[in-house]
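Asks: For reference, the structure I am asking about is given below.
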Amino acid sequence: MRRRLLIPSRRSILAAGAVTLGGSLLAGCDRLSRAPEFRDFIGHEQDVTKAVQRSILAAQPLAHEFRPDQMSPIFKVNGARQPIDPNYQRMLASGFADYQLVVDGMVAQPLRLSLRDLWDMPSRAQITRHDCVEGWSAIGKWTGVPLKEILLRAQLNAGARFIMFYCADDLSTIGDDPGLYYESIDLFDAFHPQTILAYSMNDRPLEQGHGAPLRLRVERQLGYKQAKFIMRIEAVSSFANIRGGKGGYWPDRGYEWYAGI
Amino acid sequence: MTDQVMTTAAPSKPKREVIYRHKLATRITHWINVFCISLLLMSGFTILNAHPRLYWGQYGANADQPLFAINSYQRDGQWIGVTQIGPLAFETTGVLGASEMDGHMVPRGIPAWLTLPSYRDLATGRRWHFFLAWLFVTNGLVYLVFGFANGHIKRDIAPTKGELEPKHLWSDIVAHAKLHIPRGEESKRYNTLQKVAYIGVIFLILPMMILTGLSMSPGFDSAAPWLPQLFGGRQSARTIHFITANLIVLFVAVHLFEVFLVGAWNEIRSMITGYYEVKPEKTK
């Protein structure tokens, strides 16, 4: 096989080619990033991640629990600090004396639970790490009712697959897109022992900035799943027709519904 | 690098020798790797931009002392960037902390031309990053299966005992420092430092990248709580992820320098077609 080699202009062709290719690749990547079909396509990473993580989490291991001396000195407040809803502010002012958590949807026994009802239920305390999608972490102690206890009391119907959490905070004051916060998890996470509705943080009643009176802790997922200011829980078979259809405030805005990574 | 030697002898010129250097599996996985690592780096910068501060230990957020931080401040209405490494701080306006976007100076950790997407969008950066991460891991496994099965790793990349002797290593270091260009028989094999660099990247740096990446996953951590502990905690793992990413950039810079030093056309062509022209020995 005879090969002709080293025509003088090759090096310059190579360099010019690389620059042109690089520039158009970058512009192309931005165009792709905005194309809904392409976003959906690369979004399948979530399906792979979820399938793999669910298989290695099949035995339902616990998220790591830390010692008290490993806790963050200051636990960052993130998301809504202060819901603007006047009804929420009125309840906050009265120490949530008339707060009632609504549990409904695909359940045999809808519930309305006051804070006192929740305090009287079995509780769990855990010192866990909170990982924000932005990259930071904070370690804090959470005490609350295992979600499982509430779901057992409400008795899920056979077709129920997801638990929705509806919150009092309206992020329209922060984001460009108005909307009340909400989140959802499936039964795999809902019945996990560390999935709790926390009413206490670091041995004190939950503060407003951290989601008073009640917030979700679902320890094997990122921070945006940890819904704050929970007003209502609903058992559903699908969230396709709820608000943006993606199962949560941030999922409706492009983030993964399964936030295990 | 099989020694399938093809020679063409011309009566007056020195012999021109072309060897089949890179197998198809090596070439395909190499270019998929180029694609994945470039875009993983850029989408990684998008993710870093969401919180451009790195810590050591289990936790770390705004109130905690960072090891490394890219800060943005306003001075007289103009954004300036200040990069902090340990106790040292440098003004890095224009590149880190504040850079131009659409003609305006904006507060931004890593500049737009280095991030994917170029605009601020963490959700899309994450989609790219994890999509590419799966592609990269799959590609790496394919490379390893072929590399071990066809003997590429053992034959071409693993250094021999003799190569690792201090005397030989030293002579190889000297040769590199003098920008010695291998010719003839010598150029048909990878040199020792090259082998060490490839081994280090393939079996240390890239696996570290994957393990520190997985350490940041709360889901994976529940299945393997020992993993983040191995690195001293999730925030340490995040910092190491950033350091190893920079080591890969360093490797690629040296790799490209060597490619251009030895002869870019011949080197790049050999990674596309597989065929490599051996430089003839110098005639005295």
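By order of appearance in the structure tokens: chains A, B, ..., then residues from 1 within every chain, and ligands from 1 in the order shown.
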Give me, as CSV, each residue of region 56-144 of chain A that comes within 9 Å of region 38-62 of chain B, together with its shortest interatomic pair and the distance in Å at one decimal, counting only C-alpha atoms, with rows ordered by chain and rising residue number.

Replies:
```
residue,atom,partner,partner_atom,distance
A:Gln70,CA,B:Gln58,CA,7.8
A:Met71,CA,B:Tyr59,CA,8.1
A:Ser72,CA,B:Tyr59,CA,6.7
A:Ile74,CA,B:Ala61,CA,8.6
A:Phe75,CA,B:Ala61,CA,8.0
A:Lys76,CA,B:Ala61,CA,6.8
A:Arg129,CA,B:Tyr59,CA,7.5
A:His130,CA,B:Tyr59,CA,8.6
A:Asp131,CA,B:Tyr59,CA,8.8
A:Val133,CA,B:Ala50,CA,8.5
A:Glu134,CA,B:Ala50,CA,5.0
A:Gly135,CA,B:His51,CA,6.1
A:Trp136,CA,B:Ala61,CA,5.0
A:Ser137,CA,B:Tyr59,CA,4.8
A:Ala138,CA,B:Tyr59,CA,5.1
A:Ile139,CA,B:Tyr59,CA,6.4
```

Asks: Write out as a VMD selection string each polymer residue whose atoms come within 12 Å of Ala175 (chain B), counting only C-alpha atoms; drop sequence neighbours fewer than 6 positions from it.

Replies: chain B and resid 168 to 169 181 to 182 191 to 194

Asks: Residues of the last selection are to be written out with C-alpha atoms, as a PDB file, in the first residue's frame.

Replies:
```
ATOM      1  CA  HIS B 168      15.864   4.292  32.326  1.00  0.00           C
ATOM      2  CA  LEU B 169      13.205   6.597  33.760  1.00  0.00           C
ATOM      3  CA  ILE B 181      11.583  13.227  18.724  1.00  0.00           C
ATOM      4  CA  PRO B 182      11.628   9.441  18.463  1.00  0.00           C
ATOM      5  CA  ASN B 191       7.943   5.649  25.511  1.00  0.00           C
ATOM      6  CA  THR B 192       7.987   5.075  29.256  1.00  0.00           C
ATOM      7  CA  LEU B 193       6.692   8.451  30.441  1.00  0.00           C
ATOM      8  CA  GLN B 194       3.956   8.172  27.850  1.00  0.00           C
TER       9      GLN B 194
END
```

Asks: Using backbone DSSP assignments, extract all strand (DSSP E) residues from region 94-249 of chain B; output them as JSON, numbers by chain.

Replies: {"B": [97, 98, 99, 100, 101, 104, 105, 106, 107, 108]}

Asks: Using CA of Ala227 (chain A) and CA of Ile84 (chain A) as the two end points, give the distance in Å to one decimal.

Replies: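 Going from CA of Ala227 (chain A) over to CA of Ile84 (chain A) covers 16.3 Å.
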
Asks: At a cut-off of 8 Å, which residues of chain A touch chain B? Count only C-alpha atoms and give the answer as a ChimeraX atom specification.

Replies: /A:1-2,6,10-11,14,26,29-30,33,39,42-46,53,56-57,61-64,70,72,74,76,129,131,134-139,219-222,254-256,260-261

Asks: Can you measure CA of Gly209 (chain A) to CA of Val77 (chain A) for me? One decimal in Å is fine.

Replies: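 Here the two named atoms are 5.8 Å from each other.
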
Asks: Which neighbours of Ile80 (chain B) fall inside 6 Å, counting only C-alpha atoms, when residues of the same chain fewer than 6 positions from it are skipped, and could you give them as a list of chain:residue names?

Replies: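 Skipping anything fewer than 6 positions along the chain leaves B:Ser72, B:Tyr73, B:Thr93, B:Ala98.
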
Asks: Just write the chosen residues, C-alpha atoms, as an mmCIF file, in the first residue's frame.

Replies:
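File result-v4.cif, as written:
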```
data_model
loop_
_atom_site.group_PDB
_atom_site.id
_atom_site.type_symbol
_atom_site.label_atom_id
_atom_site.label_comp_id
_atom_site.auth_asym_id
_atom_site.auth_seq_id
_atom_site.Cartn_x
_atom_site.Cartn_y
_atom_site.Cartn_z
ATOM 1 C CA SER B 72 -18.220 38.295 42.269
ATOM 2 C CA TYR B 73 -18.453 41.810 43.718
ATOM 3 C CA THR B 93 -12.103 40.054 36.304
ATOM 4 C CA ALA B 98 -16.916 38.397 36.185
#
```

Asks: Hey, what's within 9 Å of Ser99 (chain B) if we count only C-alpha atoms and toss same-chain stuff fewer than 3 positions away? As an MDAnalysis selection string, please?

Replies: chainID B and resid 79:81 93:96 104:112

Asks: Given the selection you just returned, output its residues as a file containing N, CA, C and O atoms, formatted as a compact mmCIF listing (two decimals), in the first residue's frame.

Replies:
```txt
# COMPACT_ATOMS: atom_id res chain seq x y z
N TRP B 79 -19.06 44.93 37.75
CA TRP B 79 -18.77 43.63 38.34
C TRP B 79 -17.28 43.31 38.26
O TRP B 79 -16.65 43.52 37.24
N ILE B 80 -16.73 42.84 39.37
CA ILE B 80 -15.35 42.37 39.36
C ILE B 80 -15.32 40.94 39.90
O ILE B 80 -16.17 40.54 40.69
N GLY B 81 -14.33 40.18 39.45
CA GLY B 81 -14.19 38.80 39.89
C GLY B 81 -12.97 38.66 40.78
O GLY B 81 -11.92 39.21 40.49
N THR B 93 -11.05 39.48 37.14
CA THR B 93 -12.10 40.05 36.30
C THR B 93 -11.81 39.78 34.83
O THR B 93 -10.67 39.90 34.39
N GLY B 94 -12.84 39.41 34.10
CA GLY B 94 -12.67 39.13 32.67
C GLY B 94 -12.68 37.64 32.42
O GLY B 94 -13.10 37.19 31.36
N VAL B 95 -12.18 36.87 33.40
CA VAL B 95 -12.17 35.41 33.23
C VAL B 95 -13.01 34.76 34.34
O VAL B 95 -14.11 34.27 34.09
N LEU B 96 -12.50 34.77 35.57
CA LEU B 96 -13.22 34.12 36.67
C LEU B 96 -13.93 35.16 37.54
O LEU B 96 -13.33 36.15 37.94
N HIS B 104 -21.79 42.58 27.93
CA HIS B 104 -21.90 43.14 29.28
C HIS B 104 -21.06 42.31 30.25
O HIS B 104 -21.02 41.10 30.14
N MET B 105 -20.45 43.00 31.23
CA MET B 105 -19.74 42.29 32.28
C MET B 105 -20.78 41.75 33.26
O MET B 105 -21.58 42.51 33.80
N VAL B 106 -20.79 40.44 33.45
CA VAL B 106 -21.79 39.83 34.35
C VAL B 106 -21.09 39.00 35.42
O VAL B 106 -19.98 38.51 35.20
N PRO B 107 -21.73 38.86 36.60
CA PRO B 107 -21.15 38.00 37.63
C PRO B 107 -21.31 36.54 37.19
O PRO B 107 -22.41 36.10 36.90
N ARG B 108 -20.20 35.82 37.11
CA ARG B 108 -20.24 34.47 36.54
C ARG B 108 -18.96 33.76 36.92
O ARG B 108 -17.88 34.29 36.68
N GLY B 109 -19.02 32.59 37.52
CA GLY B 109 -17.82 31.86 37.93
C GLY B 109 -16.88 31.61 36.77
O GLY B 109 -15.83 32.22 36.63
N ILE B 110 -17.26 30.70 35.89
CA ILE B 110 -16.48 30.33 34.72
C ILE B 110 -17.10 31.05 33.52
O ILE B 110 -18.33 31.11 33.41
N PRO B 111 -16.28 31.63 32.63
CA PRO B 111 -16.86 32.41 31.52
C PRO B 111 -17.69 31.58 30.54
O PRO B 111 -17.51 30.36 30.43
N ALA B 112 -18.59 32.26 29.85
CA ALA B 112 -19.57 31.62 28.96
C ALA B 112 -18.92 30.74 27.90
O ALA B 112 -19.45 29.68 27.55
```

Asks: Asp85 (chain A): which residues within 10 Å, counting only C-alpha atoms, same-chain residues fewer than 2 positions away excluded, as a ChimeraX atom specification?

Replies: /A:82-83,87-90,168-170

Asks: Write out the residues from the selection above, keeping N, CA and C atoms, as a PDB file, in the first residue's frame.

Replies:
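Everything below was put into out.pdb:
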```pdb
ATOM      1  N   GLN A  82     -39.846  32.978  53.262  1.00  0.00           N
ATOM      2  CA  GLN A  82     -41.013  33.545  53.911  1.00  0.00           C
ATOM      3  C   GLN A  82     -42.187  33.499  52.931  1.00  0.00           C
ATOM      4  N   PRO A  83     -43.069  32.511  53.050  1.00  0.00           N
ATOM      5  CA  PRO A  83     -44.214  32.464  52.127  1.00  0.00           C
ATOM      6  C   PRO A  83     -45.052  33.740  52.238  1.00  0.00           C
ATOM      7  N   ASN A  87     -52.690  33.718  54.521  1.00  0.00           N
ATOM      8  CA  ASN A  87     -53.228  32.640  55.337  1.00  0.00           C
ATOM      9  C   ASN A  87     -52.093  31.926  56.081  1.00  0.00           C
ATOM     10  N   TYR A  88     -50.976  31.721  55.369  1.00  0.00           N
ATOM     11  CA  TYR A  88     -49.810  31.089  55.989  1.00  0.00           C
ATOM     12  C   TYR A  88     -49.266  31.986  57.092  1.00  0.00           C
ATOM     13  N   GLN A  89     -49.129  33.271  56.808  1.00  0.00           N
ATOM     14  CA  GLN A  89     -48.565  34.207  57.788  1.00  0.00           C
ATOM     15  C   GLN A  89     -49.437  34.300  59.044  1.00  0.00           C
ATOM     16  N   ARG A  90     -50.758  34.186  58.833  1.00  0.00           N
ATOM     17  CA  ARG A  90     -51.676  34.207  59.975  1.00  0.00           C
ATOM     18  C   ARG A  90     -51.452  32.970  60.853  1.00  0.00           C
ATOM     19  N   ALA A 168     -47.047  25.939  50.756  1.00  0.00           N
ATOM     20  CA  ALA A 168     -47.603  27.279  50.889  1.00  0.00           C
ATOM     21  C   ALA A 168     -46.739  28.322  50.203  1.00  0.00           C
ATOM     22  N   ASP A 169     -45.509  27.948  49.813  1.00  0.00           N
ATOM     23  CA  ASP A 169     -44.632  28.986  49.259  1.00  0.00           C
ATOM     24  C   ASP A 169     -44.853  29.186  47.770  1.00  0.00           C
ATOM     25  N   ASP A 170     -44.938  30.443  47.400  1.00  0.00           N
ATOM     26  CA  ASP A 170     -45.086  30.846  46.013  1.00  0.00           C
ATOM     27  C   ASP A 170     -43.761  31.446  45.579  1.00  0.00           C
TER      28      ASP A 170
END
```

Asks: Name the residues of region 9-232 of chain B that fall into alpha helix (DSSP H) according to DSSP on the backbone, using the chain letters and numbers of this document, as a PyMOL selection string.

Replies: chain B and resi 24-49+122-149+152+166-177+192-200+206-215+218-223+226-230

Asks: Please provide the set of residues having any atom within 8 Å of region 103-108 of chain A, restricted to only C-alpha atoms, with same-chain residues fewer than 6 positions apart removed, written as number ranges by chain.

Replies: A: 154-157, 159-160, 232-237
